[in-house]
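The next block is start_0.cif, given as mmCIF, C-alpha atoms.
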data_entry
loop_
_atom_site.label_atom_id
_atom_site.label_comp_id
_atom_site.auth_asym_id
_atom_site.auth_seq_id
_atom_site.Cartn_x
_atom_site.Cartn_y
_atom_site.Cartn_z
CA MET A 185 107.32 8.44 -9.62
CA GLN A 186 108.47 5.52 -7.45
CA THR A 187 106.98 7.17 -4.38
CA VAL A 188 103.56 7.04 -6.06
CA LEU A 189 103.74 3.65 -7.79
CA LEU A 190 105.61 1.56 -5.22
CA PRO A 191 102.86 1.70 -2.53
CA LEU A 192 100.26 0.75 -5.18
CA LEU A 193 102.34 -2.20 -6.35
CA ARG A 194 102.91 -3.35 -2.75
CA ALA A 195 99.17 -3.13 -2.05
CA ASP A 196 98.37 -5.18 -5.16
CA LEU A 197 100.91 -7.86 -4.26
CA THR A 198 99.69 -7.97 -0.66
CA LEU A 199 96.13 -8.45 -1.87
CA CYS A 200 97.19 -11.27 -4.21
CA GLU A 201 99.06 -13.02 -1.39
CA THR A 202 96.44 -12.64 1.33
CA TYR A 203 93.06 -12.80 -0.44
CA THR A 204 90.76 -15.61 0.59
CA HIS A 205 87.47 -16.06 -1.26
CA ARG A 206 84.32 -16.14 0.87
CA ALA A 207 81.17 -17.49 -0.70
CA GLU A 208 78.40 -14.91 -0.37
CA ALA A 209 75.00 -14.29 -1.91
CA PRO A 210 75.07 -13.04 -5.52
CA LEU A 211 74.80 -9.29 -6.06
CA PRO A 212 71.38 -7.92 -7.12
CA CYS A 213 72.92 -5.67 -9.80
CA PRO A 214 73.94 -6.23 -13.42
CA LEU A 215 77.49 -7.46 -14.02
CA THR A 216 79.59 -6.92 -17.13
CA VAL A 217 82.86 -8.83 -17.49
CA LEU A 218 85.48 -7.51 -19.92
CA ALA A 219 88.46 -9.51 -21.18
CA GLY A 220 90.78 -9.98 -24.12
CA SER A 221 89.85 -12.86 -26.44
CA ASP A 222 93.49 -13.99 -26.58
CA ASP A 223 94.12 -13.87 -22.81
CA ASP A 224 96.00 -17.07 -22.03
CA SER A 225 95.63 -16.64 -18.25
CA VAL A 226 91.87 -17.33 -18.15
CA THR A 227 89.42 -19.42 -20.18
CA GLY A 228 86.05 -18.41 -21.51
CA ALA A 229 84.45 -20.90 -19.13
CA GLU A 230 86.21 -19.27 -16.18
CA LEU A 231 85.03 -15.84 -17.28
CA ALA A 232 81.47 -17.12 -17.65
CA GLU A 233 81.56 -18.28 -14.02
CA TRP A 234 81.20 -14.63 -13.02
CA ARG A 235 77.52 -15.10 -13.97
CA GLY A 236 77.06 -16.83 -10.62
CA HIS A 237 77.92 -13.60 -8.80
CA THR A 238 74.76 -11.75 -9.84
CA THR A 239 71.03 -12.35 -9.82
CA ALA A 240 70.56 -9.59 -12.39
CA ALA A 241 71.69 -9.28 -16.02
CA PHE A 242 75.11 -10.64 -16.98
CA ALA A 243 77.22 -9.75 -20.01
CA LEU A 244 80.61 -11.04 -21.11
CA HIS A 245 82.47 -8.91 -23.65
CA LEU A 246 85.68 -10.14 -25.25
CA PHE A 247 87.90 -7.64 -27.01
CA PRO A 248 88.87 -9.40 -30.27
CA ASP A 249 92.51 -10.37 -30.84
CA ALA A 250 93.46 -8.87 -27.48
CA PRO A 251 95.72 -10.32 -24.77
CA HIS A 252 95.35 -10.04 -20.99
CA LEU A 253 96.08 -6.30 -21.11
CA TYR A 254 93.28 -5.70 -23.62
CA VAL A 255 92.99 -2.01 -22.77
CA ARG A 256 96.11 -1.09 -24.74
CA GLY A 257 94.91 -0.21 -28.20
CA ALA A 258 91.23 -0.58 -27.29
CA GLU A 259 90.78 2.63 -25.32
CA GLN A 260 88.02 3.99 -27.57
CA GLU A 261 86.09 0.70 -27.60
CA LEU A 262 86.47 0.40 -23.82
CA ALA A 263 85.20 3.96 -23.29
CA GLU A 264 82.19 3.25 -25.53
CA MET A 265 81.47 0.00 -23.68
CA ILE A 266 81.55 1.80 -20.32
CA THR A 267 79.29 4.55 -21.66
CA ARG A 268 76.75 1.98 -22.93
CA THR A 269 76.94 -0.06 -19.72
CA PHE A 270 76.61 2.90 -17.36
CA PRO A 271 74.31 5.41 -19.06
CA ALA A 272 74.12 8.91 -17.60
CA ARG A 273 71.53 9.38 -14.91
CA GLY A 274 69.57 12.62 -14.83
#
For the structure just supplied, provide its representation as C-alpha coordinates.
Amino acid sequence: MQTVLLPLLRADLTLCETYTHRAEAPLPCPLTVLAGSDDDSVTGAELAEWRGHTTAAFALHLFPDAPHLYVRGAEQELAEMITRTFPARG
(Lines of atoms letter the chains of each structure in order from A and count residues from 1; the text may use other names and numbers.)
(Lines give C-alpha, C1' and ligand atoms only; values in the text may rest on other atoms or scores of the structure.)
Protein backbone atom coordinates (compact mmCIF):
# COMPACT_ATOMS: atom_id res chain seq x y z
CA MET A 1 0.00 0.00 0.00
CA GLN A 2 2.90 2.38 0.72
CA THR A 3 4.11 2.03 -2.86
CA VAL A 4 0.77 3.43 -4.05
CA LEU A 5 0.13 6.09 -1.40
CA LEU A 6 3.62 7.47 -0.82
CA PRO A 7 4.04 8.96 -4.34
CA LEU A 8 0.59 10.59 -4.04
CA LEU A 9 1.44 12.09 -0.67
CA ARG A 10 4.78 13.37 -1.98
CA ALA A 11 3.06 14.95 -4.98
CA ASP A 12 0.50 16.67 -2.73
CA LEU A 13 3.20 18.03 -0.43
CA THR A 14 5.30 19.20 -3.38
CA LEU A 15 2.30 21.03 -4.80
CA CYS A 16 1.61 22.71 -1.45
CA GLU A 17 5.24 23.83 -1.15
CA THR A 18 5.72 25.05 -4.72
CA TYR A 19 2.34 26.45 -5.82
CA THR A 20 2.26 30.11 -6.75
CA HIS A 21 -1.08 31.71 -7.61
CA ARG A 22 -1.29 33.48 -10.96
CA ALA A 23 -4.18 35.86 -11.52
CA GLU A 24 -6.03 34.87 -14.67
CA ALA A 25 -9.38 35.61 -16.26
CA PRO A 26 -12.38 33.96 -14.57
CA LEU A 27 -13.62 30.69 -16.04
CA PRO A 28 -16.74 30.84 -18.27
CA CYS A 29 -18.30 27.78 -16.59
CA PRO A 30 -20.42 27.30 -13.47
CA LEU A 31 -18.54 26.72 -10.22
CA THR A 32 -19.80 24.86 -7.16
CA VAL A 33 -17.78 25.04 -3.94
CA LEU A 34 -18.34 22.35 -1.29
CA ALA A 35 -17.18 22.61 2.32
CA GLY A 36 -18.01 21.56 5.85
CA SER A 37 -19.86 24.19 7.90
CA ASP A 38 -17.59 23.54 10.89
CA ASP A 39 -14.29 23.70 8.97
CA ASP A 40 -11.99 25.80 11.13
CA SER A 41 -9.34 26.12 8.39
CA VAL A 42 -11.39 28.43 6.14
CA THR A 43 -14.08 31.07 6.65
CA GLY A 44 -17.33 31.49 4.79
CA ALA A 45 -15.99 34.74 3.36
CA GLU A 46 -12.91 32.95 2.02
CA LEU A 47 -15.09 30.28 0.42
CA ALA A 48 -17.28 32.96 -1.16
CA GLU A 49 -14.19 34.47 -2.81
CA TRP A 50 -14.28 31.54 -5.24
CA ARG A 51 -17.14 33.46 -6.90
CA GLY A 52 -14.49 35.68 -8.49
CA HIS A 53 -13.13 32.70 -10.43
CA THR A 54 -16.17 32.33 -12.70
CA THR A 55 -18.28 34.53 -14.93
CA ALA A 56 -21.05 31.93 -14.87
CA ALA A 57 -23.25 30.63 -12.05
CA PHE A 58 -21.72 30.16 -8.61
CA ALA A 59 -22.97 28.00 -5.75
CA LEU A 60 -21.57 27.47 -2.27
CA HIS A 61 -22.81 24.40 -0.41
CA LEU A 62 -21.92 23.82 3.22
CA PHE A 63 -22.40 20.36 4.68
CA PRO A 64 -24.05 21.01 8.07
CA ASP A 65 -22.14 20.16 11.26
CA ALA A 66 -19.21 18.90 9.19
CA PRO A 67 -15.49 19.56 9.68
CA HIS A 68 -12.81 20.02 7.01
CA LEU A 69 -13.12 16.38 5.94
CA TYR A 70 -16.86 16.74 5.35
CA VAL A 71 -17.02 13.73 3.04
CA ARG A 72 -16.85 11.24 5.91
CA GLY A 73 -20.42 10.50 6.83
CA ALA A 74 -21.86 12.60 3.99
CA GLU A 75 -21.15 10.25 1.10
CA GLN A 76 -24.80 9.96 0.05
CA GLU A 77 -25.42 13.72 0.21
CA LEU A 78 -22.18 14.36 -1.71
CA ALA A 79 -23.15 11.86 -4.42
CA GLU A 80 -26.58 13.50 -4.75
CA MET A 81 -24.99 16.96 -4.93
CA ILE A 82 -22.65 15.82 -7.71
CA THR A 83 -25.53 14.21 -9.59
CA ARG A 84 -27.60 17.43 -9.39
CA THR A 85 -24.62 19.61 -10.32
CA PHE A 86 -23.49 17.48 -13.27
CA PRO A 87 -26.64 16.04 -14.86
CA ALA A 88 -26.23 13.25 -17.39
CA ARG A 89 -25.77 14.38 -20.95
CA GLY A 90 -27.45 12.40 -23.71
Could you give me, as a ChimeraX atom specification, the residues within 12 Å of A:Thr239, counting only C-alpha atoms and dropping anything in the same chain fewer than 6 positions from it? /A:209-215
Can those selected residues be exported to a file as an mmCIF file, in the frame of the given file so that it contains C-alpha atoms?
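As a result, part.cif now contains:
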data_model
loop_
_atom_site.group_PDB
_atom_site.id
_atom_site.type_symbol
_atom_site.label_atom_id
_atom_site.label_comp_id
_atom_site.auth_asym_id
_atom_site.auth_seq_id
_atom_site.Cartn_x
_atom_site.Cartn_y
_atom_site.Cartn_z
ATOM 1 C CA ALA A 209 75.000 -14.290 -1.910
ATOM 2 C CA PRO A 210 75.070 -13.040 -5.520
ATOM 3 C CA LEU A 211 74.800 -9.290 -6.060
ATOM 4 C CA PRO A 212 71.380 -7.920 -7.120
ATOM 5 C CA CYS A 213 72.920 -5.670 -9.800
ATOM 6 C CA PRO A 214 73.940 -6.230 -13.420
ATOM 7 C CA LEU A 215 77.490 -7.460 -14.020
#
Å distance separating atom CA of A:Ala258 from atom CA of A:Val217, one decimal place: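 Computing the Euclidean distance for atom CA of A:Ala258 and atom CA of A:Val217 yields 15.3 Å.
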Answer key for the PyMOL selection byres ((chain A and resi 243) around 7), residues as a PDB file with C-alpha atoms, keeping the file's coordinate frame:
ATOM      1  CA  LEU A 215      77.490  -7.460 -14.020  1.00  0.00           C
ATOM      2  CA  THR A 216      79.590  -6.920 -17.130  1.00  0.00           C
ATOM      3  CA  VAL A 217      82.860  -8.830 -17.490  1.00  0.00           C
ATOM      4  CA  ALA A 241      71.690  -9.280 -16.020  1.00  0.00           C
ATOM      5  CA  PHE A 242      75.110 -10.640 -16.980  1.00  0.00           C
ATOM      6  CA  LEU A 244      80.610 -11.040 -21.110  1.00  0.00           C
ATOM      7  CA  HIS A 245      82.470  -8.910 -23.650  1.00  0.00           C
TER       8      HIS A 245
END
Enclose stretch 207-224 of chain A, meaning all of its atoms listed in the file, in a box aligned along x, y and z, pad it by 6 Å on each side, and list the centre and edge lengths in Å to one decimal, as AutoDock Vina command-line options.
--center_x 83.7 --center_y -11.6 --center_z -13.5 --size_x 36.6 --size_y 23.8 --size_z 38.2
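Reported to one decimal place, the separation of atom CA of A:Leu246 from atom CA of A:Gly228 is 9.1 Å.
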